[in-house]
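Enquirer: Pasting start.txt below, which is compact mmCIF, C-alpha atoms and all ligand atoms.
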```
# COMPACT_ATOMS: atom_id res chain seq x y z
CA MET A 28 15.24 -87.56 -9.46
CA PRO A 29 16.65 -86.05 -12.66
CA THR A 30 19.09 -83.15 -12.33
CA VAL A 31 20.40 -80.54 -14.71
CA ARG A 32 23.82 -82.21 -14.41
CA ASP A 33 22.39 -85.42 -15.92
CA LEU A 34 21.12 -83.33 -18.80
CA GLN A 35 24.44 -81.58 -19.26
CA ALA A 36 26.20 -84.95 -19.31
CA MET A 37 24.05 -85.96 -22.29
CA ALA A 38 25.09 -83.01 -24.45
CA GLY A 39 27.24 -84.18 -27.33
CA GLU A 40 26.67 -87.86 -26.35
CA LYS A 41 23.06 -88.22 -27.46
CA PRO A 42 20.52 -85.68 -28.77
CA ILE A 43 18.40 -84.29 -25.92
CA THR A 44 14.64 -84.59 -26.44
CA MET A 45 12.32 -82.00 -24.93
CA LEU A 46 8.57 -81.77 -25.41
CA THR A 47 5.88 -79.65 -23.82
CA ALA A 48 3.07 -81.06 -21.66
CA TYR A 49 0.36 -79.25 -19.75
CA ASP A 50 -1.39 -81.97 -17.70
CA ALA A 51 -0.63 -85.13 -15.74
CA VAL A 52 -1.98 -87.62 -18.30
CA THR A 53 0.06 -86.22 -21.16
CA ALA A 54 3.09 -85.89 -18.91
CA SER A 55 2.91 -89.55 -17.91
CA ILE A 56 2.67 -90.65 -21.57
CA VAL A 57 5.55 -88.40 -22.60
CA ASP A 58 7.60 -89.48 -19.58
CA ASP A 59 6.96 -93.22 -20.14
CA THR A 60 8.00 -92.80 -23.75
CA GLY A 61 11.39 -91.59 -22.58
CA VAL A 62 11.53 -87.87 -23.33
CA ASP A 63 14.42 -86.27 -21.40
CA VAL A 64 12.83 -82.91 -20.52
CA ILE A 65 9.19 -81.89 -20.17
CA LEU A 66 8.63 -78.18 -20.58
CA VAL A 67 5.42 -76.84 -19.10
CA GLY A 68 5.46 -74.17 -21.77
CA ASP A 69 3.52 -70.95 -21.69
CA SER A 70 2.61 -72.14 -25.19
CA MET A 71 -0.31 -73.57 -23.19
CA GLY A 72 -1.86 -70.15 -23.91
CA ASN A 73 -2.41 -70.99 -27.57
CA ALA A 74 -2.07 -74.78 -27.39
CA VAL A 75 -4.73 -75.58 -24.79
CA LEU A 76 -6.22 -72.45 -23.18
CA GLY A 77 -7.71 -70.95 -26.35
CA HIS A 78 -5.76 -67.67 -26.33
CA GLU A 79 -4.30 -65.98 -29.42
CA ASP A 80 -0.84 -65.85 -27.86
CA THR A 81 1.05 -66.63 -24.65
CA LEU A 82 0.69 -63.22 -22.98
CA PRO A 83 -2.49 -63.87 -20.97
CA VAL A 84 -1.12 -66.99 -19.21
CA THR A 85 -1.07 -66.29 -15.47
CA LEU A 86 1.32 -67.42 -12.77
CA ASP A 87 -1.50 -69.38 -11.07
CA GLU A 88 -2.36 -71.16 -14.32
CA MET A 89 1.29 -72.06 -14.79
CA ALA A 90 1.60 -73.24 -11.19
CA SER A 91 -1.44 -75.48 -11.48
CA ARG A 92 -0.17 -77.04 -14.74
CA VAL A 93 3.37 -77.48 -13.40
CA GLY A 94 1.98 -79.32 -10.38
CA ALA A 95 -0.06 -81.62 -12.62
CA VAL A 96 2.89 -82.36 -14.91
CA ALA A 97 5.25 -82.98 -12.01
CA ARG A 98 2.74 -85.48 -10.55
CA GLY A 99 2.50 -87.25 -13.92
CA ALA A 100 6.23 -87.48 -14.66
CA ASP A 101 8.76 -89.75 -12.91
CA ASP A 102 11.96 -89.58 -14.90
CA ALA A 103 11.97 -86.48 -17.10
CA LEU A 104 13.32 -83.15 -15.91
CA VAL A 105 10.29 -80.86 -15.45
CA VAL A 106 10.88 -77.24 -16.46
CA ALA A 107 8.40 -74.47 -15.64
CA ASP A 108 8.19 -71.75 -18.28
CA MET A 109 7.77 -68.45 -16.46
CA PRO A 110 4.80 -66.46 -17.86
CA PHE A 111 4.91 -62.94 -19.25
CA LEU A 112 5.69 -60.37 -16.50
CA SER A 113 6.03 -62.99 -13.78
CA PHE A 114 9.75 -62.21 -13.90
CA GLY A 115 12.00 -59.36 -14.95
CA ALA A 116 10.32 -56.31 -13.47
CA ASP A 117 11.33 -56.76 -9.84
CA GLU A 118 14.05 -59.13 -8.65
CA SER A 119 12.58 -60.31 -5.37
CA GLU A 120 9.14 -60.85 -6.97
CA SER A 121 10.83 -62.79 -9.80
CA VAL A 122 12.73 -64.98 -7.32
CA LYS A 123 9.54 -65.64 -5.34
CA ASN A 124 7.59 -66.58 -8.49
CA CYS A 125 10.31 -68.84 -9.86
CA GLY A 126 10.93 -70.42 -6.46
CA ARG A 127 7.22 -71.25 -6.13
CA MET A 128 7.49 -73.57 -9.15
CA LEU A 129 10.11 -75.69 -7.36
CA LYS A 130 9.02 -75.27 -3.76
CA GLU A 131 5.26 -75.74 -4.18
CA GLU A 132 4.74 -77.42 -7.56
CA GLY A 133 7.59 -79.89 -7.97
CA ALA A 134 9.39 -78.43 -11.01
CA ASN A 135 13.12 -79.15 -11.32
CA ALA A 136 13.97 -75.90 -13.11
CA VAL A 137 12.55 -72.76 -14.68
CA LYS A 138 12.86 -71.26 -18.15
CA LEU A 139 12.97 -67.52 -18.80
CA GLU A 140 12.45 -65.87 -22.18
CA SER A 141 15.77 -64.11 -22.10
CA GLY A 142 17.46 -60.89 -23.08
CA PRO A 143 19.82 -58.36 -21.56
CA HIS A 144 17.34 -57.97 -18.66
CA THR A 145 17.62 -61.63 -17.54
CA VAL A 146 21.39 -61.98 -17.12
CA ASP A 147 21.52 -60.79 -13.48
CA LEU A 148 18.31 -62.62 -12.63
CA THR A 149 19.72 -65.86 -14.05
CA GLU A 150 22.74 -65.45 -11.77
CA ARG A 151 20.59 -64.74 -8.71
CA LEU A 152 18.26 -67.69 -9.35
CA THR A 153 21.19 -70.04 -9.94
CA ASP A 154 22.88 -68.85 -6.72
CA LEU A 155 19.65 -69.62 -4.87
CA GLY A 156 19.45 -73.17 -6.25
CA ILE A 157 16.86 -72.54 -8.95
CA PRO A 158 18.27 -74.05 -12.16
CA THR A 159 17.51 -71.66 -15.00
CA MET A 160 17.15 -72.37 -18.70
CA ALA A 161 17.63 -69.38 -20.99
CA HIS A 162 15.63 -68.85 -24.21
CA LEU A 163 16.95 -66.68 -27.07
CA GLY A 164 15.90 -65.91 -30.64
CA LEU A 165 12.16 -65.83 -31.14
CA THR A 166 10.69 -65.20 -27.69
CA PRO A 167 6.90 -65.28 -28.15
CA GLN A 168 6.26 -63.06 -25.09
CA SER A 169 7.76 -60.24 -27.21
CA VAL A 170 5.37 -60.88 -30.10
CA ASN A 171 4.18 -57.25 -30.01
CA GLN A 172 7.73 -56.12 -30.75
CA THR A 173 8.99 -58.89 -33.03
CA GLY A 174 6.04 -60.80 -34.48
CA TYR A 175 6.58 -64.54 -35.00
CA THR A 176 9.09 -64.16 -37.81
CA ARG A 177 12.63 -65.53 -38.13
CA GLN A 178 15.04 -63.80 -35.78
CA ALA A 179 18.68 -62.75 -36.09
CA THR A 180 18.80 -62.72 -39.85
CA ALA A 181 21.05 -59.62 -39.74
CA ARG A 182 24.68 -59.89 -38.61
CA GLU A 183 24.26 -57.41 -35.76
CA ASP A 184 21.29 -59.33 -34.29
CA ALA A 185 23.16 -62.62 -34.68
CA GLU A 186 26.12 -61.17 -32.77
CA GLU A 187 23.79 -60.05 -30.01
CA ILE A 188 22.40 -63.58 -29.65
CA LEU A 189 25.90 -65.04 -29.53
CA ASP A 190 26.89 -62.52 -26.83
CA LEU A 191 23.72 -63.10 -24.82
CA ALA A 192 24.20 -66.86 -25.00
CA CYS A 193 27.70 -66.51 -23.50
CA GLU A 194 26.49 -64.01 -20.88
CA HIS A 195 23.70 -66.36 -19.77
CA GLU A 196 26.12 -69.27 -19.61
CA ASP A 197 28.46 -67.16 -17.46
CA ALA A 198 25.49 -66.19 -15.28
CA GLY A 199 24.84 -69.90 -14.62
CA ALA A 200 22.11 -70.90 -17.09
CA PHE A 201 22.18 -74.70 -17.35
CA ALA A 202 20.81 -74.89 -20.90
CA LEU A 203 19.71 -72.63 -23.71
CA VAL A 204 16.67 -72.80 -25.99
CA LEU A 205 17.28 -71.28 -29.43
CA GLU A 206 14.08 -70.53 -31.34
CA HIS A 207 13.61 -69.70 -35.04
CA ILE A 208 17.15 -68.47 -35.75
CA PRO A 209 19.38 -69.42 -38.69
CA ALA A 210 20.81 -72.95 -38.39
CA ASN A 211 24.35 -71.66 -38.93
CA LEU A 212 23.96 -69.19 -36.04
CA ALA A 213 22.58 -71.96 -33.78
CA ALA A 214 25.59 -74.10 -34.72
CA LYS A 215 27.94 -71.22 -33.80
CA VAL A 216 26.21 -70.70 -30.46
CA THR A 217 26.39 -74.45 -29.76
CA ASP A 218 30.14 -74.33 -30.42
CA ALA A 219 30.61 -71.22 -28.32
CA VAL A 220 28.94 -72.43 -25.12
CA ASP A 221 29.49 -75.53 -22.97
CA ILE A 222 25.88 -75.76 -21.80
CA PRO A 223 23.42 -77.76 -23.95
CA THR A 224 21.55 -75.89 -26.67
CA ILE A 225 18.03 -77.05 -27.46
CA GLY A 226 16.70 -75.88 -30.79
CA ILE A 227 13.26 -75.21 -32.17
CA GLY A 228 13.41 -74.07 -35.76
CA ALA A 229 17.17 -73.68 -35.32
CA GLY A 230 18.59 -76.57 -37.35
CA GLY A 231 20.13 -79.91 -36.53
CA ASP A 232 23.38 -78.84 -34.88
CA CYS A 233 21.91 -78.04 -31.47
CA ASP A 234 22.44 -80.52 -28.64
CA GLY A 235 18.72 -81.25 -28.54
CA GLN A 236 15.32 -80.40 -29.99
CA VAL A 237 12.06 -79.16 -28.49
CA LEU A 238 8.56 -79.00 -29.98
CA VAL A 239 5.08 -78.30 -28.71
CA PHE A 240 3.20 -81.53 -27.85
CA THR A 241 0.00 -80.61 -29.68
CA ASP A 242 1.96 -79.91 -32.89
CA VAL A 243 3.86 -83.21 -32.65
CA VAL A 244 0.83 -85.44 -32.15
CA GLY A 245 -1.42 -83.60 -34.62
CA LEU A 246 -3.83 -81.89 -32.23
CA SER A 247 -3.10 -78.29 -33.21
CA GLU A 248 -5.29 -76.52 -35.73
CA SER A 249 -2.23 -74.74 -37.11
CA SER A 250 1.49 -75.12 -36.43
CA PRO A 251 4.58 -73.01 -37.07
CA PRO A 252 6.59 -73.80 -40.21
CA PHE A 253 9.42 -75.40 -38.21
CA ALA A 254 7.16 -77.92 -36.44
CA GLU A 255 6.56 -81.47 -37.65
CA GLN A 256 3.41 -83.52 -37.13
CA PHE A 257 4.25 -87.13 -36.18
CA GLY A 258 0.70 -88.38 -35.56
CA ASP A 259 -2.99 -87.64 -36.11
CA VAL A 260 -4.49 -87.50 -32.63
CA ARG A 261 -7.09 -84.93 -33.75
CA GLY A 262 -8.31 -87.46 -36.34
CA GLU A 263 -8.34 -90.26 -33.74
CA VAL A 264 -10.29 -88.10 -31.28
CA GLU A 265 -12.80 -87.11 -33.97
CA ASP A 266 -13.32 -90.78 -34.92
CA ALA A 267 -13.86 -91.80 -31.28
CA VAL A 268 -16.32 -88.95 -30.63
CA ASP A 269 -18.19 -89.71 -33.88
CA GLU A 270 -18.55 -93.35 -32.81
CA TYR A 271 -19.77 -92.28 -29.36
CA ILE A 272 -22.44 -89.97 -30.85
CA ASP A 273 -23.58 -92.69 -33.26
CA ALA A 274 -23.76 -95.26 -30.46
CA VAL A 275 -25.84 -92.97 -28.21
CA GLU A 276 -28.14 -91.88 -31.02
CA SER A 277 -28.68 -95.45 -32.22
CA GLY A 278 -29.31 -96.74 -28.68
CA GLU A 279 -26.30 -99.08 -28.87
CA PHE A 280 -24.78 -97.29 -25.88
CA PRO A 281 -25.25 -97.83 -23.00
CA ALA A 282 -25.52 -101.63 -23.18
CA GLU A 283 -26.79 -103.64 -20.20
CA SER A 284 -23.22 -104.15 -19.06
CA HIS A 285 -22.80 -100.39 -18.52
CA SER A 286 -25.40 -100.14 -15.73
CA HIS A 287 -26.95 -102.22 -12.95
CA THR A 288 -30.37 -102.87 -11.42
CA GLU A 289 -31.45 -103.65 -7.84
CA ASP A 290 -34.27 -106.24 -7.53
CA GLU A 291 -35.67 -104.65 -4.37
CA LEU A 292 -36.30 -101.44 -6.24
CA ASP A 293 -38.62 -103.11 -8.78
CA ASP A 294 -41.73 -102.44 -6.61
CA LEU A 295 -40.68 -98.93 -5.58
CA TYR A 296 -43.98 -97.44 -6.81
O1 LIG B 301 6.28 -72.22 -24.40
C1 LIG B 301 6.88 -73.08 -25.06
O2 LIG B 301 6.34 -74.15 -25.39
C2 LIG B 301 8.26 -72.79 -25.43
C3 LIG B 301 8.93 -73.73 -26.38
C4 LIG B 301 8.34 -73.65 -27.72
C5 LIG B 301 10.40 -73.57 -26.38
O3 LIG B 301 8.80 -71.84 -25.00
```
Would you mind writing the structure in this file as C-alpha cells?
Ligand code: KIV
Expert:
Amino acid sequence: MPTVRDLQAMAGEKPITMLTAYDAVTASIVDDTGVDVILVGDSMGNAVLGHEDTLPVTLDEMASRVGAVARGADDALVVADMPFLSFGADESESVKNCGRMLKEEGANAVKLESGPHTVDLTERLTDLGIPTMAHLGLTPQSVNQTGYTRQATAREDAEEILDLACEHEDAGAFALVLEHIPANLAAKVTDAVDIPTIGIGAGGDCDGQVLVFTDVVGLSESSPPFAEQFGDVRGEVEDAVDEYIDAVESGEFPAESHSHTEDELDDLY
C-alpha cells in the first residue's frame, strides 16, 4: 500500500507524476501505466459531470468516485479532493467528511483547496492520521472571487503564497499543489519547503506535475492554457461510434456470431 512517506522520498530524486481519474476503469489504466498519485479531483464537475465549474460537486458524488478509483488502483496513492463547503466551515464536520474518504472509500489522503482557513484543519487532520495535501494559487472553488486567471502576479500575493506554503508544511501537510502561479514563485516555494510541490501551470521546478486526465488524453472540449494534450481519445471514440452506427445501419452488426438460437424453439408457434 503506497504511503505519503514513499511519495516524500521521491521528491528531488525523480519527478512525481499525478493525474486525475474519476472511475475504476480509468484508474486501473492510469495505475498500470505507473502514475505515482491519482487525484480524484473535484474537476470531475467540469470534466465528467457536465457542470460549468467545480462548485456543485457533492460529498456523496466524491465519495462514490473515490471508492471506484480506489477499487481500480493498486499501486498509486489515491487522493480525495474535498468538494466545496465539505470542509472549512465547521471543524468536526470537516474531520468527519475527510475521514469518510479514508474510512469508507479507500482513499490514502485528502486534498484541501487551501488558504488561511485551512492551516488549523490541516494540523487536526494530520494529527488524526488523515494525510492532507494543500493546494495554493488558483483554487477553482474560489472562482467567484478570483476567476480562472493567473494568481500571485503581485509581490504581496506571492509573499502570501510563500507564507501559506510554510504554514501548511508546519501544520503537517504532506505535499502541496501549486496552480497557475509564476514559475519563479513556484521555484521559490519548492526551495522553501521540504514537502513535495506538485505544479499545474507553475513551471518545471516543482517536484512533480499534475494534470486533468481528460485534458491529457484529448477528451476535453476545452482545456486551460497550461494543459497539454498527449492523445486524441475523443477522435478515437468518435471513430469507434461512427463505425458502430454504420455497422448497425448497414446490417453488418450483429453477425451470427453475436447471438444464438435454440432448435427446440423453432416450432414455438
Ligand atoms: O480538481 C482537480 O483536478 C485539481 C487539480 C487540477 C489539481 O484540483
Enquirer: Dump the neighbourhood of ligand LIG 301 (chain B) as a ChimeraX atom specification: all residues within 6 Å, distances computed on all atoms listed in the file.
Expert: /A:47,68-70,238-239
Enquirer: Report, in Å with one decimal, the straight-line distance from atom CA of A:Met89 to atom CA of A:Ala134.
Expert: 11.0 Å
Enquirer: Residues within 10 Å of A:Ser91, please, as a list in words. Count only C-alpha atoms; anything in the same chain fewer than 5 positions from it doesn't count.
Expert: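 Neighbouring residues, sequence-local ones excluded: Tyr49, Asp50, Leu86, Val96, Met128, Glu131 and Glu132 of chain A.
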Enquirer: Using all atoms listed in the file, which protein or nucleic acid residues come within 10 Å of A:Ser169? Drop anything in the same chain fewer than 4 positions from it, and give the result as a PDB file with C-alpha atoms, in the coordinates of the input.
Expert:
```pdb
ATOM      1  CA  THR A  81       1.050 -66.630 -24.650  1.00  0.00           C
ATOM      2  CA  LEU A  82       0.690 -63.220 -22.980  1.00  0.00           C
ATOM      3  CA  PHE A 111       4.910 -62.940 -19.250  1.00  0.00           C
ATOM      4  CA  GLU A 140      12.450 -65.870 -22.180  1.00  0.00           C
ATOM      5  CA  LEU A 165      12.160 -65.830 -31.140  1.00  0.00           C
ATOM      6  CA  THR A 173       8.990 -58.890 -33.030  1.00  0.00           C
ATOM      7  CA  GLY A 174       6.040 -60.800 -34.480  1.00  0.00           C
ATOM      8  CA  TYR A 175       6.580 -64.540 -35.000  1.00  0.00           C
TER       9      TYR A 175
END
```
Enquirer: Could you tell me how far atom CA of A:Leu66 sits from atom CA of A:Glu88, in Å to one decimal place?
Expert: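 Distance reported for this atom pair: 14.5 Å.
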Enquirer: When you count only C-alpha atoms, which of these residues is closest to A:Thr44: A:Tyr271, A:Tyr296, A:Phe240, A:Phe280?
Expert: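 Of A:Tyr271, A:Tyr296, A:Phe240, A:Phe280, the one nearest A:Thr44 is A:Phe240, counting only C-alpha atoms.
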Enquirer: With distances taken over all atoms listed in the file, which residue among A:His144, A:His78, A:Arg182, A:His195 lies nearest A:Phe114?
Expert: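 Smallest separation from A:Phe114 among the options: A:His144.
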Enquirer: Nearest to A:Ile43: which of A:Gly142, A:Pro29, A:Gly226, A:Gly133 is it, counting only C-alpha atoms?
Expert: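 Closest to A:Ile43 of all the choices is A:Gly226.
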Enquirer: For A:Ala200, work out the shell of residues within 6 Å, counting only C-alpha atoms and skipping chain neighbours fewer than 3 positions away, then give it as a ChimeraX atom specification.
Expert: /A:159-160,195-196
Enquirer: Got time to write the residues from that selection, C-alpha atoms, as a tab-separated table (two decimals), in the coordinates of the input?
Expert:
```tsv
chain	number	residue	atom	x	y	z
A	159	THR	CA	17.51	-71.66	-15.00
A	160	MET	CA	17.15	-72.37	-18.70
A	195	HIS	CA	23.70	-66.36	-19.77
A	196	GLU	CA	26.12	-69.27	-19.61
```
Enquirer: What gap, in Å, lies between atom CA of A:Thr153 and atom CA of A:Asp58?
Expert: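 If I compute the distance from atom CA of A:Thr153 to atom CA of A:Asp58, I get 25.6 Å.
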Enquirer: Listing only residues of stretch 157-227 of chain A within 10 Å of stretch 246-259 of chain A, what is the closest atom pair and its distance in Å (to one decimal) for each, using only C-alpha atoms, sorted by chain and residue number ascending, as JSON lines?
Expert:
```
{"residue": "A:Tyr175", "atom": "CA", "partner": "A:Pro251", "partner_atom": "CA", "distance": 8.9}
{"residue": "A:Thr176", "atom": "CA", "partner": "A:Pro251", "partner_atom": "CA", "distance": 10.0}
{"residue": "A:Glu206", "atom": "CA", "partner": "A:Phe253", "partner_atom": "CA", "distance": 9.6}
{"residue": "A:His207", "atom": "CA", "partner": "A:Phe253", "partner_atom": "CA", "distance": 7.8}
{"residue": "A:Ile227", "atom": "CA", "partner": "A:Phe253", "partner_atom": "CA", "distance": 7.2}
```
Enquirer: Limited to C-alpha atoms, could you put the picked residues into a file as an mmCIF file, keeping the file's coordinate frame?
Expert:
```cif
data_model
loop_
_atom_site.group_PDB
_atom_site.id
_atom_site.type_symbol
_atom_site.label_atom_id
_atom_site.label_comp_id
_atom_site.auth_asym_id
_atom_site.auth_seq_id
_atom_site.Cartn_x
_atom_site.Cartn_y
_atom_site.Cartn_z
ATOM 1 C CA TYR A 175 6.580 -64.540 -35.000
ATOM 2 C CA THR A 176 9.090 -64.160 -37.810
ATOM 3 C CA GLU A 206 14.080 -70.530 -31.340
ATOM 4 C CA HIS A 207 13.610 -69.700 -35.040
ATOM 5 C CA ILE A 227 13.260 -75.210 -32.170
#
```
Enquirer: So that I can check the surroundings of stretch 220-224 of chain A, please list as a ChimeraX atom specification every protein, DNA and RNA residue that reaches within 6 Å of it, counting only C-alpha atoms and ignoring chain neighbours fewer than 3 positions away.
Expert: /A:38,201-204,217,233-234
Enquirer: Excluding A:Glu118 and its own-chain neighbours fewer than 5 positions away, which residues fall within 12 Å of it when counting only C-alpha atoms? Please give them as a VMD selection string.
Expert: chain A and resid 112 to 113 123 to 126 144 to 152
Enquirer: For the selection just defined, write its residues with C-alpha atoms to a file, as a PDB file, in the frame of the given file.
Expert:
```
ATOM      1  CA  LEU A 112       5.690 -60.370 -16.500  1.00  0.00           C
ATOM      2  CA  SER A 113       6.030 -62.990 -13.780  1.00  0.00           C
ATOM      3  CA  LYS A 123       9.540 -65.640  -5.340  1.00  0.00           C
ATOM      4  CA  ASN A 124       7.590 -66.580  -8.490  1.00  0.00           C
ATOM      5  CA  CYS A 125      10.310 -68.840  -9.860  1.00  0.00           C
ATOM      6  CA  GLY A 126      10.930 -70.420  -6.460  1.00  0.00           C
ATOM      7  CA  HIS A 144      17.340 -57.970 -18.660  1.00  0.00           C
ATOM      8  CA  THR A 145      17.620 -61.630 -17.540  1.00  0.00           C
ATOM      9  CA  VAL A 146      21.390 -61.980 -17.120  1.00  0.00           C
ATOM     10  CA  ASP A 147      21.520 -60.790 -13.480  1.00  0.00           C
ATOM     11  CA  LEU A 148      18.310 -62.620 -12.630  1.00  0.00           C
ATOM     12  CA  THR A 149      19.720 -65.860 -14.050  1.00  0.00           C
ATOM     13  CA  GLU A 150      22.740 -65.450 -11.770  1.00  0.00           C
ATOM     14  CA  ARG A 151      20.590 -64.740  -8.710  1.00  0.00           C
ATOM     15  CA  LEU A 152      18.260 -67.690  -9.350  1.00  0.00           C
TER      16      LEU A 152
END
```
Enquirer: Can you find the residues with an atom no farther than 12 Å from (-4.2, -89.1, -25.4), counting all atoms listed in the file, and report them as a list in words?
Expert: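 The residues near that point, listed by chain and number, are Ala48, Asp50, Ala51, Val52, Thr53, Ala54, Ser55, Ile56, Val57, Phe240, Thr241, Val244, Gly245, Leu246, Gly258, Asp259, Val260, Arg261, Gly262, Glu263, Val264 and Ala267 of chain A.
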Enquirer: With distances taken over all atoms listed in the file, which residue among A:Ala219, A:Thr85, A:Ala179, A:Glu289 lies nearest A:Ala192?
Expert: A:Ala219
